[in-house]
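The file data37.tsv contains TSV, C-alpha atoms:
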chain	number	residue	atom	x	y	z
G	27	MET	CA	0.00	0.00	0.00
G	28	SER	CA	1.35	3.43	-0.93
G	29	ASP	CA	2.09	6.06	1.70
G	30	LEU	CA	-0.47	8.39	0.12
G	31	MET	CA	-3.21	5.76	0.23
G	32	GLU	CA	-2.43	5.09	3.89
G	33	LYS	CA	-2.83	8.79	4.66
G	34	PHE	CA	-6.14	8.99	2.82
G	35	GLN	CA	-7.39	6.07	4.85
G	36	ALA	CA	-6.02	7.60	8.05
G	37	ALA	CA	-7.76	10.87	7.24
G	38	LEU	CA	-11.19	9.23	7.05
G	39	VAL	CA	-10.61	7.00	10.05
G	40	LEU	CA	-9.33	9.84	12.25
G	41	GLY	CA	-12.09	12.12	11.00
G	42	GLY	CA	-14.44	9.49	12.43
G	43	VAL	CA	-12.46	9.41	15.68
G	44	GLY	CA	-12.70	13.18	16.09
G	45	ASP	CA	-16.41	13.08	15.29
G	46	ALA	CA	-17.14	10.26	17.76
G	47	LEU	CA	-15.19	11.93	20.57
G	48	GLY	CA	-16.77	15.31	19.92
G	49	SER	CA	-20.28	13.90	19.71
G	50	ARG	CA	-19.89	12.39	23.19
G	51	TRP	CA	-19.46	15.82	24.80
G	52	GLU	CA	-21.18	18.12	22.33
G	53	VAL	CA	-23.92	19.14	24.77
G	54	CYS	CA	-21.32	20.27	27.33
G	55	VAL	CA	-20.31	23.94	27.22
G	56	SER	CA	-17.26	23.62	29.49
G	57	GLY	CA	-13.89	22.37	28.28
G	58	PRO	CA	-12.55	21.86	31.83
G	59	GLN	CA	-15.57	19.72	32.72
G	60	ILE	CA	-15.07	17.62	29.57
G	61	GLN	CA	-11.42	17.08	30.45
G	62	ARG	CA	-12.35	16.06	34.00
G	63	GLU	CA	-14.82	13.51	32.64
G	64	LEU	CA	-12.18	12.25	30.20
G	65	GLY	CA	-9.73	11.92	33.08
G	66	ALA	CA	-12.24	9.79	34.95
G	67	LEU	CA	-12.30	7.49	31.92
G	68	GLY	CA	-8.52	7.17	32.02
G	69	GLY	CA	-7.62	9.75	29.37
G	70	LEU	CA	-7.46	9.48	25.58
G	71	GLU	CA	-4.87	6.71	25.73
G	72	ALA	CA	-7.23	4.46	27.69
G	73	LEU	CA	-10.32	4.91	25.52
G	74	LYS	CA	-11.62	2.12	23.30
G	75	LEU	CA	-14.03	3.61	20.78
G	76	ASP	CA	-16.72	1.15	19.67
G	77	PRO	CA	-19.96	1.50	17.67
G	78	ASP	CA	-22.25	1.03	20.68
G	79	GLN	CA	-20.77	3.58	23.06
G	80	TRP	CA	-19.13	5.92	20.53
G	81	PRO	CA	-21.31	6.02	17.39
G	82	LEU	CA	-20.47	8.35	14.52
G	83	SER	CA	-22.71	11.35	13.96
G	84	ASP	CA	-24.25	12.44	10.68
G	85	GLY	CA	-21.17	14.62	10.08
G	86	ALA	CA	-18.83	11.65	9.74
G	87	LEU	CA	-21.40	9.68	7.77
G	88	MET	CA	-21.74	12.54	5.29
G	89	LEU	CA	-17.94	12.69	5.01
G	90	MET	CA	-17.89	9.01	4.04
G	91	THR	CA	-20.73	9.65	1.60
G	92	THR	CA	-18.69	12.44	0.00
G	93	ALA	CA	-15.69	10.12	-0.25
G	94	GLU	CA	-17.88	7.46	-1.84
G	95	ALA	CA	-18.96	9.92	-4.53
G	96	LEU	CA	-15.42	11.16	-5.16
G	97	VAL	CA	-14.18	7.68	-6.09
G	98	THR	CA	-16.97	6.99	-8.59
G	99	ASP	CA	-16.38	7.13	-12.33
G	100	TYR	CA	-17.62	10.66	-13.07
G	101	TRP	CA	-16.50	12.60	-16.15
G	102	CYS	CA	-17.16	16.20	-15.14
G	103	LEU	CA	-18.01	18.21	-12.04
G	104	GLU	CA	-21.70	18.34	-12.91
G	105	ASP	CA	-21.81	14.53	-12.91
G	106	LEU	CA	-20.07	14.51	-9.54
G	107	TYR	CA	-22.54	17.03	-8.10
G	108	ARG	CA	-25.50	14.93	-9.23
G	109	GLU	CA	-23.96	11.82	-7.70
G	110	LEU	CA	-23.35	13.69	-4.44
G	111	VAL	CA	-26.99	14.81	-4.37
G	112	ARG	CA	-28.20	11.25	-4.91
G	113	LEU	CA	-25.97	9.84	-2.19
G	114	TYR	CA	-26.67	12.64	0.32
G	115	VAL	CA	-30.42	12.18	0.05
G	116	GLY	CA	-29.99	8.43	0.38
G	117	ALA	CA	-27.75	8.87	3.42
G	118	MET	CA	-30.46	10.79	5.24
G	119	VAL	CA	-32.73	7.77	4.86
G	120	SER	CA	-30.16	5.31	6.20
G	121	LEU	CA	-28.86	7.00	9.36
G	122	GLN	CA	-29.89	3.93	11.38
G	123	GLY	CA	-31.49	5.81	14.24
G	124	ARG	CA	-28.95	8.62	14.37
G	125	ALA	CA	-30.62	12.02	14.55
G	126	PRO	CA	-29.01	14.40	12.03
G	127	GLU	CA	-28.13	17.98	12.85
G	128	PRO	CA	-30.98	20.31	11.84
G	129	SER	CA	-28.69	22.13	9.39
G	130	THR	CA	-27.74	18.83	7.70
G	131	ALA	CA	-31.35	17.73	7.45
G	132	GLN	CA	-32.43	21.10	6.04
G	133	ALA	CA	-29.61	21.18	3.50
G	134	CYS	CA	-30.46	17.70	2.23
G	135	ALA	CA	-34.17	18.54	2.14
G	136	ASN	CA	-33.35	21.30	-0.39
G	137	LEU	CA	-31.60	18.90	-2.76
G	138	LYS	CA	-33.46	17.68	-5.85
G	139	PRO	CA	-32.09	14.29	-6.99
G	140	ASN	CA	-34.79	13.92	-9.66
G	141	ASN	CA	-34.18	17.34	-11.24
G	142	PHE	CA	-31.32	17.02	-13.73
G	143	LEU	CA	-30.68	20.76	-14.07
G	144	LEU	CA	-31.32	22.03	-10.53
G	145	ALA	CA	-30.26	19.01	-8.46
G	146	TRP	CA	-27.73	20.84	-6.26
G	147	HIS	CA	-29.07	24.41	-6.40
G	148	THR	CA	-30.03	25.32	-2.82
G	149	PRO	CA	-30.78	28.56	-0.94
G	150	PHE	CA	-27.92	30.54	0.60
G	151	ASN	CA	-27.01	29.30	4.09
G	152	GLU	CA	-24.78	31.62	6.08
G	153	LYS	CA	-23.90	29.06	8.80
G	154	GLY	CA	-21.58	26.92	6.65
G	155	PHE	CA	-20.39	29.74	4.47
G	156	LEU	CA	-16.88	29.11	3.01
G	157	GLY	CA	-16.18	26.49	5.68
G	158	SER	CA	-16.13	23.64	3.18
G	159	LEU	CA	-13.85	25.60	0.84
G	160	CYS	CA	-11.44	26.29	3.69
G	161	THR	CA	-11.43	22.66	4.86
G	162	ALA	CA	-10.93	21.28	1.34
G	163	LEU	CA	-8.13	23.76	0.72
G	164	PHE	CA	-6.36	22.80	3.93
G	165	ALA	CA	-6.69	19.13	2.99
G	166	SER	CA	-5.02	19.95	-0.33
G	167	TYR	CA	-2.21	21.79	1.47
G	168	ALA	CA	-1.69	18.79	3.78
G	169	ILE	CA	-1.40	16.43	0.80
G	170	GLN	CA	1.02	18.81	-0.94
G	171	GLY	CA	3.17	19.02	2.19
G	172	LYS	CA	2.89	22.79	2.54
G	173	PRO	CA	4.24	24.20	5.82
G	174	LEU	CA	1.43	24.31	8.38
G	175	GLN	CA	2.04	27.94	9.35
G	176	SER	CA	1.47	29.05	5.73
G	177	TRP	CA	-2.02	27.61	5.34
G	178	GLY	CA	-3.93	30.54	6.77
G	179	ARG	CA	-2.06	33.13	4.75
G	180	ASP	CA	-2.52	31.11	1.57
G	181	LEU	CA	-6.24	30.75	2.33
G	182	LEU	CA	-6.59	34.53	2.21
G	183	THR	CA	-4.92	34.62	-1.21
G	184	VAL	CA	-7.40	32.03	-2.54
G	185	ILE	CA	-10.56	33.68	-1.17
G	186	PRO	CA	-10.54	36.58	-3.70
G	187	LYS	CA	-10.23	34.06	-6.54
G	188	ALA	CA	-13.19	32.13	-5.17
G	189	GLU	CA	-15.17	35.35	-4.90
G	190	GLU	CA	-14.43	36.23	-8.51
G	191	TYR	CA	-15.55	32.78	-9.62
G	192	CYS	CA	-18.77	33.08	-7.63
G	193	ARG	CA	-19.54	36.47	-9.15
G	194	LYS	CA	-19.67	34.73	-12.51
G	195	THR	CA	-21.67	31.70	-11.41
G	196	ILE	CA	-24.02	32.75	-8.57
G	197	ARG	CA	-27.16	34.62	-9.50
G	198	HIS	CA	-27.74	36.43	-6.19
G	199	MET	CA	-24.19	37.25	-5.14
G	200	ALA	CA	-25.34	40.21	-3.02
G	201	GLU	CA	-26.57	37.78	-0.34
G	202	TYR	CA	-23.00	36.58	0.12
G	203	GLN	CA	-21.12	39.87	0.31
G	204	GLU	CA	-21.52	40.65	4.01
G	205	LYS	CA	-20.65	37.12	5.12
G	206	TRP	CA	-17.73	36.99	2.71
G	207	PHE	CA	-16.20	40.09	4.30
G	208	TYR	CA	-16.86	38.70	7.79
G	209	PHE	CA	-15.10	35.42	6.97
G	210	GLU	CA	-12.01	37.20	5.67
G	211	ALA	CA	-11.92	39.64	8.59
G	212	LYS	CA	-12.15	36.86	11.18
G	213	TRP	CA	-9.33	34.91	9.57
G	214	GLN	CA	-7.13	37.99	9.24
G	215	PHE	CA	-7.68	38.70	12.94
G	216	TYR	CA	-6.82	35.12	13.84
G	217	LEU	CA	-3.59	35.07	11.81
G	218	GLU	CA	-2.43	38.33	13.38
G	219	GLU	CA	-3.27	37.06	16.85
G	220	ARG	CA	-1.18	33.96	16.27
G	221	GLY	CA	1.62	35.95	14.61
G	222	ILE	CA	1.48	33.96	11.35
G	223	ALA	CA	0.03	36.53	8.94
G	224	ASP	CA	3.31	36.33	7.01
G	225	GLY	CA	2.92	32.57	6.56
G	226	GLU	CA	6.45	31.95	7.81
G	227	SER	CA	6.67	32.76	11.51
G	228	ARG	CA	6.08	30.17	14.18
G	229	ALA	CA	2.64	30.44	15.80
G	230	SER	CA	2.59	31.99	19.27
G	231	PHE	CA	0.28	30.77	22.03
G	232	PRO	CA	-0.60	32.13	25.46
G	233	GLU	CA	0.82	30.53	28.58
G	234	PRO	CA	-0.86	28.56	29.94
G	235	TYR	CA	-2.96	27.42	26.99
G	236	ASP	CA	-5.25	25.14	28.99
G	237	ALA	CA	-8.93	24.20	28.73
G	238	ASP	CA	-10.10	27.46	30.33
G	239	GLU	CA	-8.02	29.54	27.94
G	240	THR	CA	-9.10	27.64	24.83
G	241	ASP	CA	-12.77	27.99	25.78
G	242	LYS	CA	-12.37	31.76	26.16
G	243	MET	CA	-10.46	32.09	22.91
G	244	TYR	CA	-12.80	29.91	20.87
G	245	LYS	CA	-15.80	31.92	22.08
G	246	ARG	CA	-14.08	35.10	20.91
G	247	TRP	CA	-13.70	33.63	17.45
G	248	SER	CA	-17.31	32.44	17.31
G	249	SER	CA	-20.11	34.70	16.10
G	250	GLU	CA	-22.84	32.97	18.11
G	251	GLY	CA	-21.08	31.94	21.30
G	252	CYS	CA	-21.03	28.28	20.22
G	253	PRO	CA	-17.48	27.55	18.98
G	254	GLY	CA	-17.28	25.42	15.85
G	255	SER	CA	-20.85	26.00	14.70
G	256	GLN	CA	-19.98	28.39	11.86
G	257	GLY	CA	-18.13	28.09	8.56
G	258	HIS	CA	-15.29	30.35	9.66
G	259	ASP	CA	-14.53	29.05	13.16
G	260	ALA	CA	-14.90	25.27	12.74
G	261	PRO	CA	-11.83	24.97	10.46
G	262	MET	CA	-10.14	27.74	12.45
G	263	ILE	CA	-10.34	25.76	15.70
G	264	ALA	CA	-9.13	22.60	13.93
G	265	TYR	CA	-6.24	24.53	12.36
G	266	ASP	CA	-5.33	26.10	15.69
G	267	ALA	CA	-5.26	22.68	17.33
G	268	LEU	CA	-2.89	21.40	14.63
G	269	LEU	CA	-0.60	24.40	15.11
G	270	ALA	CA	-0.62	23.91	18.87
G	271	ALA	CA	0.17	20.21	18.43
G	272	ALA	CA	3.15	21.08	16.21
G	273	HIS	CA	4.19	23.64	18.84
G	274	THR	CA	4.03	21.22	21.79
G	275	GLY	CA	4.68	17.89	20.07
G	276	ARG	CA	1.37	16.46	21.30
G	277	ILE	CA	-1.63	15.03	19.48
G	278	CYS	CA	-4.13	17.77	18.68
G	279	GLY	CA	-7.20	15.94	20.01
G	280	ARG	CA	-7.56	17.79	23.29
G	281	ARG	CA	-7.83	21.27	21.81
G	282	ALA	CA	-9.72	20.18	18.70
G	283	VAL	CA	-12.34	18.10	20.48
G	284	LEU	CA	-12.39	18.68	24.24
G	285	HIS	CA	-13.90	22.16	24.26
G	286	GLY	CA	-17.32	23.63	24.79
G	287	GLY	CA	-19.31	23.99	21.58
G	288	GLU	CA	-19.72	22.11	18.31
G	289	SER	CA	-16.86	19.75	19.06
G	290	SER	CA	-17.90	16.99	16.64
G	291	ALA	CA	-17.40	19.38	13.70
G	292	THR	CA	-14.00	20.63	14.86
G	293	GLY	CA	-12.92	17.10	15.79
G	294	LEU	CA	-13.95	15.77	12.38
G	295	ILE	CA	-11.99	18.44	10.49
G	296	ALA	CA	-8.92	18.17	12.72
G	297	GLY	CA	-8.94	14.38	12.48
G	298	VAL	CA	-8.98	14.45	8.68
G	299	LEU	CA	-6.15	16.96	8.49
G	300	PHE	CA	-4.09	15.18	11.15
G	301	GLY	CA	-4.45	11.90	9.25
G	302	LEU	CA	-3.27	13.49	6.00
G	303	LEU	CA	-0.28	15.02	7.77
G	304	TYR	CA	0.86	12.23	10.07
G	305	GLY	CA	-1.15	9.06	9.42
G	306	LEU	CA	-2.29	6.74	12.21
G	307	GLY	CA	1.15	6.26	13.75
G	308	PRO	CA	0.97	8.83	16.58
G	309	VAL	CA	-2.60	7.89	17.59
G	310	PRO	CA	-3.45	5.39	20.38
G	311	VAL	CA	-4.75	2.21	18.72
G	312	GLY	CA	-7.80	2.03	20.97
G	313	LEU	CA	-9.20	5.19	19.44
G	314	TYR	CA	-9.62	3.64	16.00
G	315	GLN	CA	-9.20	-0.14	16.15
G	316	ASP	CA	-12.93	-0.84	16.63
G	317	LEU	CA	-14.27	2.49	15.41
G	318	ASP	CA	-17.84	2.62	14.14
G	319	ARG	CA	-17.80	1.95	10.36
G	320	ARG	CA	-14.03	1.79	10.25
G	321	ASP	CA	-14.09	-0.55	7.25
G	322	ASN	CA	-16.19	1.98	5.31
G	323	CYS	CA	-13.59	4.66	6.06
G	324	ARG	CA	-10.71	2.49	4.90
G	325	THR	CA	-12.50	1.39	1.73
G	326	SER	CA	-13.38	4.95	0.72
G	327	GLY	CA	-9.89	6.19	1.50
G	328	SER	CA	-8.21	3.52	-0.61
G	329	GLY	CA	-10.02	4.72	-3.74
G	330	PHE	CA	-8.61	8.24	-3.85
G	331	THR	CA	-5.22	7.35	-5.31
G	332	GLU	CA	-6.94	5.53	-8.17
G	333	ARG	CA	-8.90	8.57	-9.38
G	334	ARG	CA	-8.02	10.12	-12.73
G	335	PRO	CA	-8.05	13.90	-13.35
G	336	VAL	CA	-11.48	15.49	-13.79
G	337	GLU	CA	-12.39	17.11	-17.07
G	338	LYS	CA	-13.17	20.80	-16.53

Let me see the file written as structure tokens.
Amino acid sequence: MSDLMEKFQAALVLGGVGDALGSRWEVCVSGPQIQRELGALGGLEALKLDPDQWPLSDGALMLMTTAEALVTDYWCLEDLYRELVRLYVGAMVSLQGRAPEPSTAQACANLKPNNFLLAWHTPFNEKGFLGSLCTALFASYAIQGKPLQSWGRDLLTVIPKAEEYCRKTIRHMAEYQEKWFYFEAKWQFYLEERGIADGESRASFPEPYDADETDKMYKRWSSEGCPGSQGHDAPMIAYDALLAAAHTGRICGRRAVLHGGESSATGLIAGVLFGLLYGLGPVPVGLYQDLDRRDNCRTSGSGFTERRPVEK
């Protein structure tokens, strides 16, 4: 098995790990309380994630659905979009008792699998705005081996290009303008706060950077007081956890997952990126050995290296 294939598989598996861990404590608003409860369980190293006690949420299931579509034999992006629509709608039917997030359910309800021309055309949703672009871009940077501290700066160079593309393809671009500016402003503020706006300096963190401090900081980045629930701060928290892990030499799980807020989203993103960067090697085996739907993750991940280029 190639090193790249192993990292694709690790990305999906660890995305599931982050999702499962985050889902366990998502109703808790206190990072210190979460860490106390984790300590009572013996810490991350002692956990054994299994399907019964640590089921995946709809977020991880939709990630696997996306991966399933990406490894199909599509010839153009429109074909891929239609396949995604078909699989997303089907996934909502087969959640096996898992209750999807309201935003996921609403987004899938707006899809039209039987309409060839308008299958993926949905109303503007400000909550996930540009978050998927940011996450996909960071995944690309991880695969390319770009220095971690440069990702945020490079994101801000890509955003204007994405905006120009959207001006040509989105009918009601005015709805996006305010949120577009907000996204860029929040990321610029974050990069300056961490001292990495130049894309070269080493990220700086407060001392101590414990659970209390991360909760306070994440709430500052959030627009609704629920860290990780928006398109700008979910990848931001995951990215920050990766930077902190590189800074301290520790696995990023504690800061990516064990915080108050939408921790399944931040854990999912951080797990994918960590897997692409480092593989499964640094992760305790108990976290993924019996993970819910682990075989699905591995199967989807193995198909990425076999994909041919997409016709534009």

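Compared by their closest atoms to Lys245 in chain G, and using only C-alpha atoms, the residues G:Ala131, G:Ser56, G:Arg108, G:Glu189 rank with G:Ser56 nearest.
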
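If you look at CA of Asp78 in chain G and CA of Pro58 in chain G, they are 25.5 Å away from each other.
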
Length of the CA of Gly65 in chain G to CA of Gly279 in chain G vector [Å]: 13.9 Å

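Counting only C-alpha atoms and comparing G:Gly178, G:Gly301, G:Gly257, G:Gly307, the residue that lies closest to Leu269 in chain G is G:Gly178.
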
Proximity to Val298 in chain G - best of G:Asp238, G:Cys278, G:Gln61, G:Ile185, only C-alpha atoms: G:Cys278

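Nearest-residue note for Ala264 in chain G: choosing from G:Gly287, G:Gly171, G:Gly293, G:Pro139, the minimum distance belongs to G:Gly293, counting only C-alpha atoms.
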
Residue contacts of Leu38 in chain G (12 Å, all atoms listed in the file) excluding same-chain residues fewer than 3 positions away, as an mmCIF file with C-alpha atoms, in the frame of the given file:
data_model
loop_
_atom_site.group_PDB
_atom_site.id
_atom_site.type_symbol
_atom_site.label_atom_id
_atom_site.label_comp_id
_atom_site.auth_asym_id
_atom_site.auth_seq_id
_atom_site.Cartn_x
_atom_site.Cartn_y
_atom_site.Cartn_z
ATOM 1 C CA MET G 31 -3.210 5.760 0.230
ATOM 2 C CA GLU G 32 -2.430 5.090 3.890
ATOM 3 C CA LYS G 33 -2.830 8.790 4.660
ATOM 4 C CA PHE G 34 -6.140 8.990 2.820
ATOM 5 C CA GLN G 35 -7.390 6.070 4.850
ATOM 6 C CA GLY G 41 -12.090 12.120 11.000
ATOM 7 C CA GLY G 42 -14.440 9.490 12.430
ATOM 8 C CA VAL G 43 -12.460 9.410 15.680
ATOM 9 C CA GLY G 44 -12.700 13.180 16.090
ATOM 10 C CA ASP G 45 -16.410 13.080 15.290
ATOM 11 C CA LEU G 82 -20.470 8.350 14.520
ATOM 12 C CA GLY G 85 -21.170 14.620 10.080
ATOM 13 C CA ALA G 86 -18.830 11.650 9.740
ATOM 14 C CA LEU G 87 -21.400 9.680 7.770
ATOM 15 C CA MET G 88 -21.740 12.540 5.290
ATOM 16 C CA LEU G 89 -17.940 12.690 5.010
ATOM 17 C CA MET G 90 -17.890 9.010 4.040
ATOM 18 C CA THR G 91 -20.730 9.650 1.600
ATOM 19 C CA THR G 92 -18.690 12.440 0.000
ATOM 20 C CA ALA G 93 -15.690 10.120 -0.250
ATOM 21 C CA GLU G 94 -17.880 7.460 -1.840
ATOM 22 C CA ALA G 165 -6.690 19.130 2.990
ATOM 23 C CA GLY G 293 -12.920 17.100 15.790
ATOM 24 C CA LEU G 294 -13.950 15.770 12.380
ATOM 25 C CA ILE G 295 -11.990 18.440 10.490
ATOM 26 C CA ALA G 296 -8.920 18.170 12.720
ATOM 27 C CA GLY G 297 -8.940 14.380 12.480
ATOM 28 C CA VAL G 298 -8.980 14.450 8.680
ATOM 29 C CA LEU G 299 -6.150 16.960 8.490
ATOM 30 C CA PHE G 300 -4.090 15.180 11.150
ATOM 31 C CA GLY G 301 -4.450 11.900 9.250
ATOM 32 C CA LEU G 302 -3.270 13.490 6.000
ATOM 33 C CA GLY G 305 -1.150 9.060 9.420
ATOM 34 C CA LEU G 306 -2.290 6.740 12.210
ATOM 35 C CA TYR G 314 -9.620 3.640 16.000
ATOM 36 C CA LEU G 317 -14.270 2.490 15.410
ATOM 37 C CA ASP G 318 -17.840 2.620 14.140
ATOM 38 C CA ARG G 319 -17.800 1.950 10.360
ATOM 39 C CA ARG G 320 -14.030 1.790 10.250
ATOM 40 C CA ASP G 321 -14.090 -0.550 7.250
ATOM 41 C CA ASN G 322 -16.190 1.980 5.310
ATOM 42 C CA CYS G 323 -13.590 4.660 6.060
ATOM 43 C CA ARG G 324 -10.710 2.490 4.900
ATOM 44 C CA THR G 325 -12.500 1.390 1.730
ATOM 45 C CA SER G 326 -13.380 4.950 0.720
ATOM 46 C CA GLY G 327 -9.890 6.190 1.500
ATOM 47 C CA SER G 328 -8.210 3.520 -0.610
ATOM 48 C CA GLY G 329 -10.020 4.720 -3.740
ATOM 49 C CA PHE G 330 -8.610 8.240 -3.850
#

Selected residue of minimal separation from Met262 in chain G among G:Arg112, G:Arg280, G:Arg246, G:Arg62, counting all atoms listed in the file: G:Arg246

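Contact shell of Asp105 in chain G at 12 Å (only C-alpha atoms; same-chain neighbours under 3 positions omitted): Ala95, Leu96, Thr98, Asp99, Tyr100, Trp101, Cys102, Arg108, Glu109, Leu110, Val111, Arg112, Pro139, Phe142, Leu143, Ala145, Trp146, Val336, Glu337 and Lys338 of chain G.
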
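Between Val39 in chain G and the candidates G:Met199, G:Leu75, G:Leu156, G:Leu106, the tightest atom-to-atom separation, counting all atoms listed in the file, involves G:Leu75.
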